[in-house]
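> Provided below: my_file04.cif, containing mmCIF, C-alpha atoms and all ligand atoms.
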data_data
#
loop_
_atom_site.label_atom_id
_atom_site.label_comp_id
_atom_site.auth_asym_id
_atom_site.auth_seq_id
_atom_site.Cartn_x
_atom_site.Cartn_y
_atom_site.Cartn_z
CA MET A 1 5.27 -1.93 -27.67
CA ASN A 2 8.58 -1.21 -25.93
CA TYR A 3 9.38 -1.70 -22.22
CA GLU A 4 8.42 1.90 -21.38
CA GLU A 5 5.03 1.65 -23.07
CA LEU A 6 4.27 -1.70 -21.43
CA MET A 7 5.26 -0.45 -17.98
CA LEU A 8 3.08 2.66 -18.37
CA ARG A 9 0.19 0.47 -19.46
CA ALA A 10 0.60 -1.82 -16.42
CA ILE A 11 0.80 1.16 -14.04
CA THR A 12 -2.24 2.85 -15.56
CA LYS A 13 -4.41 -0.26 -15.59
CA ALA A 14 -3.43 -1.24 -12.03
CA GLU A 15 -4.88 2.05 -10.75
CA LYS A 16 -8.40 0.74 -11.36
CA PHE A 17 -8.03 -1.58 -8.35
CA LYS A 18 -6.86 1.06 -5.88
CA PHE A 19 -9.88 0.77 -3.58
CA THR A 20 -10.23 -3.02 -3.58
CA ALA A 21 -6.49 -3.81 -3.25
CA LYS A 22 -5.87 -1.50 -0.28
CA PRO A 23 -4.20 -1.62 2.17
CA ASN A 24 -2.05 -3.59 -0.29
CA PRO A 25 -0.36 -1.69 -3.11
CA VAL A 26 -1.80 -1.77 -6.63
CA VAL A 27 0.38 -3.88 -8.92
CA GLY A 28 0.25 -4.75 -12.62
CA ALA A 29 2.04 -7.46 -14.63
CA ILE A 30 2.23 -8.03 -18.38
CA VAL A 31 3.49 -11.19 -20.13
CA PHE A 32 4.79 -10.46 -23.62
CA LYS A 33 6.74 -11.91 -26.52
CA ASP A 34 8.72 -9.49 -28.67
CA ASN A 35 6.13 -6.85 -29.45
CA GLU A 36 3.02 -8.85 -28.64
CA ILE A 37 1.16 -8.86 -25.32
CA ILE A 38 0.27 -12.44 -24.38
CA SER A 39 -1.62 -11.64 -21.16
CA GLU A 40 -1.92 -9.16 -18.30
CA GLY A 41 -2.87 -9.45 -14.67
CA TYR A 42 -3.54 -7.12 -11.75
CA HIS A 43 -3.74 -7.36 -7.99
CA GLU A 44 -7.49 -6.82 -8.02
CA THR A 45 -8.53 -7.71 -4.49
CA TYR A 46 -6.86 -7.62 -1.10
CA GLY A 47 -5.96 -11.13 0.05
CA LYS A 48 -6.41 -12.62 -3.43
CA ASN A 49 -3.94 -13.44 -6.22
CA HIS A 50 -1.05 -11.13 -6.84
CA ALA A 51 -0.71 -9.48 -10.27
CA GLU A 52 2.02 -11.80 -11.58
CA ILE A 53 0.01 -14.94 -10.77
CA ASN A 54 -3.06 -13.57 -12.58
CA ALA A 55 -0.96 -12.67 -15.64
CA ILE A 56 0.95 -15.98 -15.77
CA GLU A 57 -2.15 -18.18 -15.24
CA LYS A 58 -3.78 -16.44 -18.23
CA ALA A 59 -0.64 -16.84 -20.36
CA LYS A 60 -0.76 -20.63 -19.82
CA ASN A 61 -3.86 -20.71 -22.06
CA TYR A 62 -1.66 -19.71 -25.01
CA LEU A 63 1.12 -22.25 -24.44
CA GLY A 64 1.62 -24.18 -27.69
CA LYS A 65 -0.46 -21.61 -29.55
CA LYS A 66 1.28 -18.23 -29.30
CA PHE A 67 4.52 -19.59 -27.82
CA GLU A 68 6.25 -22.93 -27.17
CA SER A 69 8.04 -22.26 -23.88
CA PHE A 70 7.92 -19.60 -21.15
CA SER A 71 11.65 -19.04 -21.72
CA GLU A 72 10.67 -17.19 -24.93
CA LEU A 73 8.62 -14.67 -22.94
CA SER A 74 9.32 -11.59 -20.84
CA LEU A 75 7.44 -10.25 -17.85
CA ILE A 76 6.83 -6.64 -16.82
CA CYS A 77 6.02 -6.10 -13.11
CA THR A 78 5.27 -2.64 -11.72
CA LEU A 79 6.48 -3.80 -8.27
CA GLU A 80 9.23 -6.28 -7.40
CA PRO A 81 7.69 -9.78 -7.28
CA CYS A 82 7.29 -10.87 -3.65
CA SER A 83 9.62 -13.37 -2.03
CA HIS A 84 7.47 -14.15 0.98
CA HIS A 85 4.71 -16.69 1.40
CA GLY A 86 1.88 -14.44 2.57
CA LYS A 87 -1.80 -14.92 1.82
CA THR A 88 -0.70 -16.45 -1.49
CA GLY A 89 2.58 -18.08 -2.54
CA SER A 90 5.80 -16.29 -3.46
CA CYS A 91 5.56 -14.61 -6.88
CA ALA A 92 9.33 -14.75 -7.40
CA ASP A 93 9.34 -18.55 -6.88
CA PHE A 94 6.35 -18.91 -9.19
CA ILE A 95 8.12 -16.91 -11.93
CA VAL A 96 11.22 -19.12 -11.58
CA ASP A 97 9.15 -22.33 -11.70
CA THR A 98 7.27 -21.13 -14.78
CA GLY A 99 10.54 -20.73 -16.67
CA PHE A 100 10.82 -17.02 -17.49
CA LYS A 101 14.26 -15.72 -18.39
CA ASN A 102 13.68 -11.94 -18.60
CA ILE A 103 11.93 -9.68 -16.07
CA ILE A 104 11.51 -5.89 -16.08
CA ILE A 105 10.53 -4.34 -12.75
CA GLY A 106 9.30 -0.86 -11.85
CA ALA A 107 10.01 -0.25 -8.16
CA ILE A 108 11.68 -2.38 -5.50
CA ASP A 109 9.11 -3.44 -2.87
CA PRO A 110 9.82 -1.37 0.29
CA ASN A 111 8.07 -3.98 2.48
CA PRO A 112 10.90 -5.42 4.65
CA LYS A 113 9.47 -8.90 4.02
CA VAL A 114 10.49 -8.44 0.35
CA ALA A 115 12.86 -5.43 -0.13
CA GLY A 116 15.22 -6.88 -2.74
CA LYS A 117 14.75 -10.54 -1.78
CA GLY A 118 12.39 -11.08 -4.73
CA ILE A 119 14.98 -9.77 -7.19
CA LYS A 120 17.66 -11.95 -5.54
CA ILE A 121 15.56 -15.09 -6.05
CA LEU A 122 15.16 -14.24 -9.74
CA GLN A 123 18.85 -13.43 -10.29
CA ASP A 124 20.02 -16.52 -8.36
CA ASN A 125 18.01 -18.55 -10.85
CA ASN A 126 19.72 -17.02 -13.88
CA ILE A 127 16.89 -14.72 -14.83
CA SER A 128 17.87 -11.40 -16.35
CA VAL A 129 16.38 -8.61 -14.21
CA GLU A 130 16.09 -4.92 -15.03
CA PHE A 131 14.61 -2.67 -12.35
CA GLY A 132 13.84 1.00 -11.72
CA LEU A 133 11.74 1.66 -14.83
CA PHE A 134 9.26 4.41 -13.86
CA GLU A 135 9.87 3.62 -10.19
CA ASP A 136 8.87 7.23 -9.37
CA LEU A 137 5.41 6.62 -10.85
CA VAL A 138 4.96 3.33 -9.00
CA GLU A 139 5.95 5.04 -5.75
CA LYS A 140 3.60 7.96 -6.40
CA GLN A 141 0.78 5.56 -7.22
CA ASN A 142 1.32 3.72 -3.92
CA LYS A 143 2.18 6.81 -1.91
CA PHE A 144 0.91 5.57 1.47
CA PHE A 145 2.49 2.11 1.09
CA PHE A 146 5.95 3.53 0.33
CA TYR A 147 5.63 6.23 3.00
CA LYS A 148 4.73 3.70 5.69
CA HIS A 149 7.67 1.42 4.97
CA LYS A 150 10.19 4.27 4.55
CA ASN A 151 9.10 6.12 7.70
CA LYS A 152 8.08 3.08 9.78
CA LYS A 153 4.74 4.72 10.58
CA PRO A 154 1.47 5.22 8.70
CA TYR A 155 0.80 8.47 6.84
CA ILE A 156 -1.39 10.62 9.09
CA THR A 157 -3.93 13.12 7.80
CA ILE A 158 -6.27 15.23 9.89
CA LYS A 159 -9.53 16.38 8.35
CA ILE A 160 -11.51 19.20 9.92
CA ALA A 161 -14.51 21.36 9.06
CA SER A 162 -14.21 24.95 10.20
CA SER A 163 -16.44 28.02 10.30
CA LEU A 164 -15.19 31.24 8.72
CA ASP A 165 -14.08 32.39 12.18
CA GLY A 166 -12.05 29.20 12.77
CA LYS A 167 -14.51 27.42 15.06
CA SER A 168 -15.39 23.76 15.30
CA HIS A 169 -18.71 23.52 17.13
CA TYR A 170 -20.78 24.76 20.08
CA ASN A 171 -20.35 22.91 23.36
CA ASP A 172 -21.99 19.46 23.19
CA GLU A 173 -24.00 20.24 20.08
CA ARG A 174 -23.60 18.78 16.60
CA VAL A 175 -23.54 21.43 13.87
CA PHE A 176 -22.98 20.85 10.19
CA ILE A 177 -20.71 23.68 9.18
CA THR A 178 -19.99 22.84 5.57
CA SER A 179 -22.16 22.15 2.50
CA GLN A 180 -23.46 18.81 1.25
CA SER A 181 -20.85 18.85 -1.55
CA SER A 182 -18.06 19.09 1.03
CA LEU A 183 -19.62 16.26 3.05
CA ASP A 184 -19.69 14.14 -0.15
CA ASP A 185 -16.06 15.00 -0.78
CA VAL A 186 -15.18 13.72 2.70
CA GLN A 187 -16.71 10.34 1.80
CA LYS A 188 -14.23 10.09 -1.10
CA ILE A 189 -11.32 11.08 1.14
CA ARG A 190 -12.32 8.38 3.63
CA ALA A 191 -12.29 5.83 0.79
CA GLU A 192 -8.58 6.50 0.20
CA TYR A 193 -7.47 5.69 3.74
CA ASP A 194 -6.76 2.36 5.42
CA ALA A 195 -8.12 3.49 8.79
CA ILE A 196 -10.19 6.28 10.35
CA LEU A 197 -9.41 7.43 13.86
CA THR A 198 -11.78 9.33 16.13
CA GLY A 199 -12.18 10.19 19.79
CA GLY A 200 -14.74 9.33 22.46
CA ASN A 201 -16.13 12.89 22.56
CA THR A 202 -16.89 12.92 18.84
CA LEU A 203 -18.42 9.45 19.15
CA ARG A 204 -20.72 10.50 21.99
CA ASN A 205 -21.66 13.95 20.64
CA ASP A 206 -22.00 13.22 16.91
CA ASN A 207 -22.88 9.51 16.75
CA PRO A 208 -20.85 9.23 13.50
CA LYS A 209 -20.72 6.13 11.27
CA MET A 210 -17.17 6.96 10.15
CA ASN A 211 -17.35 4.72 7.11
CA SER A 212 -17.02 5.68 3.45
CA ARG A 213 -20.35 6.01 1.67
CA VAL A 214 -19.37 6.09 -2.00
CA ASP A 215 -20.83 4.57 -5.16
CA PHE A 216 -17.94 2.25 -5.97
CA ALA A 217 -16.64 -1.00 -4.46
CA LEU A 218 -14.03 -0.58 -1.75
CA ASN A 219 -12.47 -2.11 1.32
CA GLN A 220 -13.88 -0.03 4.15
CA PRO A 221 -11.32 1.67 6.37
CA LYS A 222 -10.64 0.03 9.70
CA LYS A 223 -11.84 2.11 12.68
CA ILE A 224 -9.73 3.30 15.58
CA LEU A 225 -11.32 4.77 18.71
CA LEU A 226 -9.38 6.71 21.35
CA THR A 227 -11.31 7.19 24.56
CA ASN A 228 -10.90 7.25 28.32
CA ASN A 229 -14.63 7.07 29.00
CA ALA A 230 -17.37 4.49 28.72
CA TYR A 231 -19.23 4.18 25.40
CA SER A 232 -22.13 2.18 24.06
CA LYS A 233 -21.30 -0.67 21.70
CA GLU A 234 -24.78 -0.25 20.21
CA LEU A 235 -23.75 2.91 18.33
CA ASP A 236 -23.72 2.90 14.49
CA PHE A 237 -19.95 3.31 14.63
CA PHE A 238 -19.53 -0.33 15.72
CA LYS A 239 -21.91 -1.90 13.17
CA ASN A 240 -20.16 -4.30 10.77
CA ALA A 241 -16.82 -2.78 11.65
CA SER A 242 -13.50 -3.90 13.00
CA VAL A 243 -12.59 -1.37 15.72
CA ASP A 244 -9.34 -0.98 17.67
CA VAL A 245 -9.91 0.83 20.97
CA PHE A 246 -7.13 2.60 22.90
CA LYS A 247 -6.99 4.69 26.06
CA ILE A 248 -5.74 8.20 25.28
CA ASN A 249 -2.21 8.30 26.61
CA ASP A 250 0.90 8.17 24.43
CA LEU A 251 -0.36 9.07 20.93
CA LYS A 252 2.99 8.36 19.28
CA LYS A 253 2.97 4.89 20.77
CA ILE A 254 -0.55 4.25 19.48
CA ILE A 255 0.43 5.32 15.95
CA ASN A 256 3.70 3.36 16.08
CA SER A 257 1.79 0.24 17.09
CA TYR A 258 0.62 0.11 13.45
CA GLN A 259 4.18 -0.11 12.15
CA ASN A 260 3.99 -3.88 11.72
CA SER A 261 0.37 -3.97 10.60
CA GLU A 262 -0.88 -3.57 7.05
CA ILE A 263 -2.34 -0.13 7.80
CA CYS A 264 -0.39 2.43 5.74
CA SER A 265 -2.58 5.51 6.24
CA ILE A 266 -4.84 6.89 8.98
CA LEU A 267 -7.39 9.68 8.62
CA ILE A 268 -8.12 11.49 11.89
CA GLU A 269 -11.59 12.98 12.27
CA ALA A 270 -11.92 14.24 15.81
CA GLY A 271 -12.60 17.30 17.92
CA PRO A 272 -10.18 20.16 18.71
CA LYS A 273 -8.74 18.56 21.85
CA LEU A 274 -7.56 15.33 20.21
CA VAL A 275 -6.63 17.09 16.95
CA ASN A 276 -4.36 19.54 18.77
CA SER A 277 -2.81 16.73 20.81
CA PHE A 278 -1.90 14.92 17.58
CA LEU A 279 -0.52 18.11 16.03
CA LYS A 280 1.62 18.79 19.12
CA GLU A 281 3.19 15.33 18.82
CA GLY A 282 4.51 16.28 15.38
CA ILE A 283 3.35 13.02 13.80
CA VAL A 284 0.78 14.52 11.40
CA ASP A 285 1.71 14.70 7.72
CA GLU A 286 -1.27 16.44 6.18
CA LEU A 287 -4.20 18.59 7.21
CA ILE A 288 -7.37 19.01 5.14
CA VAL A 289 -9.55 21.94 6.13
CA TYR A 290 -13.06 22.49 4.78
CA SER A 291 -14.21 25.98 5.70
CA SER A 292 -17.57 27.58 5.19
CA THR A 293 -18.63 31.22 4.93
CA LYS A 294 -20.72 30.74 8.11
CA LYS A 295 -19.51 32.17 11.44
CA LEU A 296 -20.16 30.44 14.78
CA GLY A 297 -19.28 33.53 16.84
CA GLU A 298 -18.12 33.96 20.44
CA LYS A 299 -19.72 30.77 21.75
CA GLY A 300 -17.99 28.57 19.16
CA ILE A 301 -14.97 26.48 20.19
CA ASN A 302 -11.70 27.40 18.42
CA TRP A 303 -10.04 24.75 16.28
CA PHE A 304 -6.51 25.76 17.11
CA TYR A 305 -5.00 27.15 20.27
CA GLU A 306 -3.11 30.41 20.68
CA ASP A 307 -3.93 32.62 17.72
CA ASN A 308 -5.92 29.83 16.07
CA ALA A 309 -3.38 29.34 13.25
CA ILE A 310 -2.26 26.03 11.76
CA GLU A 311 1.00 27.65 10.61
CA ASN A 312 2.12 27.48 14.27
CA TYR A 313 2.47 23.73 13.79
CA GLY A 314 4.77 24.13 10.79
CA PHE A 315 2.23 23.42 8.07
CA LYS A 316 2.20 25.23 4.73
CA LEU A 317 -0.71 25.61 2.35
CA GLU A 318 -0.18 23.25 -0.58
CA SER A 319 -3.41 23.70 -2.55
CA SER A 320 -6.90 25.11 -2.25
CA TYR A 321 -10.16 24.45 -4.08
CA LYS A 322 -13.64 25.90 -4.06
CA ILE A 323 -16.45 23.42 -3.25
CA ASP A 324 -19.80 25.19 -3.59
CA THR A 325 -19.42 28.16 -1.27
CA ASP A 326 -16.89 26.26 0.90
CA LEU A 327 -13.12 26.29 0.61
CA LYS A 328 -11.05 23.11 0.79
CA GLU A 329 -7.43 23.68 1.76
CA ILE A 330 -4.68 21.09 1.95
CA PHE A 331 -1.72 21.78 4.23
CA LYS A 332 1.46 19.74 4.40
CA LYS A 333 4.56 19.82 6.56
C1 LIG B 1 3.60 -8.94 -5.59
N1 LIG B 1 2.57 -8.81 -6.46
O1 LIG B 1 0.53 -8.07 -6.97
C2 LIG B 1 1.39 -7.47 -4.89
C3 LIG B 1 2.51 -7.55 -4.02
O2 LIG B 1 -0.61 -10.38 2.18
P1 LIG B 1 -0.13 -10.78 0.81
O3 LIG B 1 0.40 -12.15 0.74
O4 LIG B 1 -1.13 -10.47 -0.27
O5 LIG B 1 1.17 -9.86 0.52
C4 LIG B 1 1.05 -8.48 0.52
C5 LIG B 1 2.42 -7.87 0.28
O6 LIG B 1 2.92 -8.32 -0.99
C6 LIG B 1 2.39 -6.35 0.17
O7 LIG B 1 2.60 -5.75 1.42
C7 LIG B 1 3.53 -6.07 -0.79
O8 LIG B 1 4.77 -6.13 -0.13
C8 LIG B 1 3.44 -7.26 -1.75
N2 LIG B 1 2.49 -6.94 -2.82
N3 LIG B 1 3.60 -8.28 -4.42
O9 LIG B 1 4.53 -9.68 -5.89
C9 LIG B 1 1.46 -8.11 -6.16
N4 LIG B 1 0.27 -6.81 -4.53
ZN ZN B 2 3.48 -11.65 -4.90
#
Rewrite the structure of this file - the entire thing - as structure tokens.


Amino acid sequence: MNYEELMLRAITKAEKFKFTAKPNPVVGAIVFKDNEIISEGYHETYGKNHAEINAIEKAKNYLGKKFESFSELSLICTLEPCSHHGKTGSCADFIVDTGFKNIIIGAIDPNPKVAGKGIKILQDNNISVEFGLFEDLVEKQNKFFFYKHKNKKPYITIKIASSLDGKSHYNDERVFITSQSSLDDVQKIRAEYDAILTGGNTLRNDNPKMNSRVDFALNQPKKILLTNNAYSKELDFFKNASVDVFKINDLKKIINSYQNSEICSILIEAGPKLVNSFLKEGIVDELIVYSSTKKLGEKGINWFYEDNAIENYGFKLESSYKIDTDLKEIFKK
């Protein structure tokens, strides 16, 4: 296998751990000698071993069998090995100590704690480093992680369910507008995000759980509640959950407060008032609209102000899908 094939293999196999590694990026590492793979490792679980450590620890089992010294081997890493001592040690230092002489890296880690410092450690220790191989794929695979570090704010998506006539609900009454298949789809969307944000009105009116109920293992999104009013801590929303609560004032400031946290993406599921406030701030990157063929009529509350059009906020339709009789549309800036 050549470098390209090995890198594609590491990227592809890393994807399997997307929901258990988040909010960390998925990362793959392959130890190889000439054309033979000695071992591979992945960042499987948030807070646990990084990919390189898993790969190198496995390779040690073959020392004296498949190879005599680590200097004979090369290492593929989809992401630049970290330089920092976080929840585990520094991968770059570990690679140096193990004795590798040749490293091939996909993308440079955009995390300011690393951002080129990992490569510098390797090069300062006379290791040959090649980087940039399929960096576009690594970035695409870790879209939220790269976005957050490049833009210094998490990626923000709003999800709404709308009636055919663009309405959200009747005053103070919970209505399910869309089909069961759309509701199931929302559970999968929630699984992708690092945090879910909602407002006090939605909490009081809908009593939502706001977790992701899917049939695979995942790190549940953190919860964020924006409210100016009292609420009961006994609600399902608070069960087994870590919740950040803010008063609704400067929305930009609230979002920016996550700049130095590990949260890279936030899904907003709230009512028209809060949703429009976020849209007005211009900090929303994506809007997902599930719409049904049902109409709520005159008494229904409009989703959007003025002529009830999302295009007023500068969003363009990117894709649309049919889900049962519903329509799912994705808008981006
Ligand atoms: C690597 N290899 O497999 C991953 C890396 O909190 P920690 O200590 O787990 O560090 C998380 C940060 O490390 C993460 O934000 C990213 O910059 C980098 N991820 N680095 O060398 C890996 N997952
Ligand atoms: Zn690391």

> Per residue of region 196-254 of chain A within 10 Å of region 170-177 of chain A, what are the shortest atom pair and its distance in Å to one decimal, counting only C-alpha atoms, with rows by chain and residue number, as a Markdown table?


| residue | atom | partner | partner_atom | distance |
| --- | --- | --- | --- | --- |
| A:Asn201 | CA | A:Asp172 | CA | 8.8 |
| A:Thr202 | CA | A:Arg174 | CA | 9.2 |
| A:Arg204 | CA | A:Asp172 | CA | 9.1 |
| A:Asn205 | CA | A:Asp172 | CA | 6.1 |
| A:Asp206 | CA | A:Arg174 | CA | 5.8 |
| A:Asn207 | CA | A:Arg174 | CA | 9.3 |

> In file coordinates, which residues lie within 10 Å of (-15.9, 20.5, 0.2) using only C-alpha atoms, given as an MDAnalysis selection string?

chainID A and resid 161 178:186 288:292 321:329

> Would you mind exporting the chosen residues as a compact mmCIF listing (two decimals), keeping the file's coordinate frame, restricted to C-alpha atoms?


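The resulting file, part.txt, is shown below:
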# COMPACT_ATOMS: atom_id res chain seq x y z
CA ALA A 161 -14.51 21.36 9.06
CA THR A 178 -19.99 22.84 5.57
CA SER A 179 -22.16 22.15 2.50
CA GLN A 180 -23.46 18.81 1.25
CA SER A 181 -20.85 18.85 -1.55
CA SER A 182 -18.06 19.09 1.03
CA LEU A 183 -19.62 16.26 3.05
CA ASP A 184 -19.69 14.14 -0.15
CA ASP A 185 -16.06 15.00 -0.78
CA VAL A 186 -15.18 13.72 2.70
CA ILE A 288 -7.37 19.01 5.14
CA VAL A 289 -9.55 21.94 6.13
CA TYR A 290 -13.06 22.49 4.78
CA SER A 291 -14.21 25.98 5.70
CA SER A 292 -17.57 27.58 5.19
CA TYR A 321 -10.16 24.45 -4.08
CA LYS A 322 -13.64 25.90 -4.06
CA ILE A 323 -16.45 23.42 -3.25
CA ASP A 324 -19.80 25.19 -3.59
CA THR A 325 -19.42 28.16 -1.27
CA ASP A 326 -16.89 26.26 0.90
CA LEU A 327 -13.12 26.29 0.61
CA LYS A 328 -11.05 23.11 0.79
CA GLU A 329 -7.43 23.68 1.76

> At a cut-off of 7 Å, can you tabulate as a tab-separated table every residue of chain A near ligand LIG 1 (chain B) together with its closest atom pair and the distance in Å to one decimal, using only C-alpha atoms and all ligand atoms and ordering rows by chain then number?


residue	atom	partner	partner_atom	distance
A:Asn24	CA	B:LIG1	C6	5.2
A:Pro25	CA	B:LIG1	N4	5.4
A:Val26	CA	B:LIG1	N4	5.8
A:Val27	CA	B:LIG1	O1	4.6
A:Gly28	CA	B:LIG1	O1	6.6
A:Tyr42	CA	B:LIG1	O1	6.3
A:His43	CA	B:LIG1	O1	4.4
A:Tyr46	CA	B:LIG1	O4	6.5
A:Gly47	CA	B:LIG1	O4	4.9
A:Lys48	CA	B:LIG1	O4	6.5
A:His50	CA	B:LIG1	O1	3.4
A:Ala51	CA	B:LIG1	O1	3.8
A:Glu52	CA	B:LIG1	N1	6.0
A:Leu79	CA	B:LIG1	C1	6.5
A:Glu80	CA	B:LIG1	O9	6.0
A:Pro81	CA	B:LIG1	O9	3.5
A:Cys82	CA	B:LIG1	O9	3.7
A:His85	CA	B:LIG1	O3	6.3
A:Gly86	CA	B:LIG1	O3	3.3
A:Lys87	CA	B:LIG1	O3	3.7
A:Thr88	CA	B:LIG1	O3	5.0
A:Cys91	CA	B:LIG1	O9	5.1
A:Asp109	CA	B:LIG1	O8	5.8
A:Pro110	CA	B:LIG1	O8	7.0
A:Asn111	CA	B:LIG1	O8	4.7
A:Lys113	CA	B:LIG1	O8	6.9
A:Val114	CA	B:LIG1	O8	6.2
A:Glu262	CA	B:LIG1	O7	7.0

> Separation of CA of Leu274 (chain A) and CA of Gly300 (chain A), in Å?

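CA of Gly300 (chain A) lies 16.9 Å from CA of Leu274 (chain A).
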
> Given the choices A:Ile38, A:Ile56, A:Ala241, A:Val31, which gets closest to Asn102 (chain A) if the distance is worked out from only C-alpha atoms?

A:Val31

> Residues near Leu279 (chain A), anyone? I mean within 12 Å using only C-alpha atoms, not counting same-chain ones fewer than 2 positions away, as a VMD selection string.

chain A and resid 156 to 159 251 to 252 268 272 to 277 281 to 287 303 to 305 309 to 315 332 to 333

> Have a look at A:Phe134, A:Asp250, A:Ser69, A:Ala107 and name the one nearest to Arg9 (chain A); count only C-alpha atoms.

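Using only C-alpha atoms, the shortest distance to Arg9 (chain A) belongs to A:Phe134.
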
> Using only C-alpha atoms and all ligand atoms, which of A:Tyr3, A:Phe94, A:Tyr193, A:Phe67 sits nearest ligand ZN 2 (chain B)?

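Checking each candidate against ligand ZN 2 (chain B), we get A:Phe94 as the closest.
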
> Using CA of Leu197 (chain A) and CA of Leu225 (chain A) as the two end points, give the distance in Å to one decimal.

5.9 Å

> Closest to Glu298 (chain A) among A:Asn151, A:Asn54, A:Ser163, A:Asn125, using only C-alpha atoms?

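So, comparing all the options, the nearest one is A:Ser163.
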
> Hey, which of A:Asp136, A:Asp165, A:Glu57, A:Glu15 ends up closest to Ile95 (chain A)? Count all atoms listed in the file.

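That would be A:Glu57, the residue with the smallest distance to Ile95 (chain A).
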
> Calculated over only C-alpha atoms and all ligand atoms, which of the candidates A:His84, A:Lys143, A:Lys117, A:Arg190 has the smallest distance to ligand ZN 2 (chain B)?

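The answer is A:His84, which sits nearest to ligand ZN 2 (chain B).
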
> So which residues are close to (13.5, -20.4, -11.1), meaning at most 8 Å away in the file's coordinates with only C-alpha atoms counted, and can you show them as number ranges by chain?

A: 92-100, 121-122, 125-127

> Could you tell me how far CA of Lys239 (chain A) lies from CA of Lys22 (chain A), in Å and to one decimal?

20.9 Å
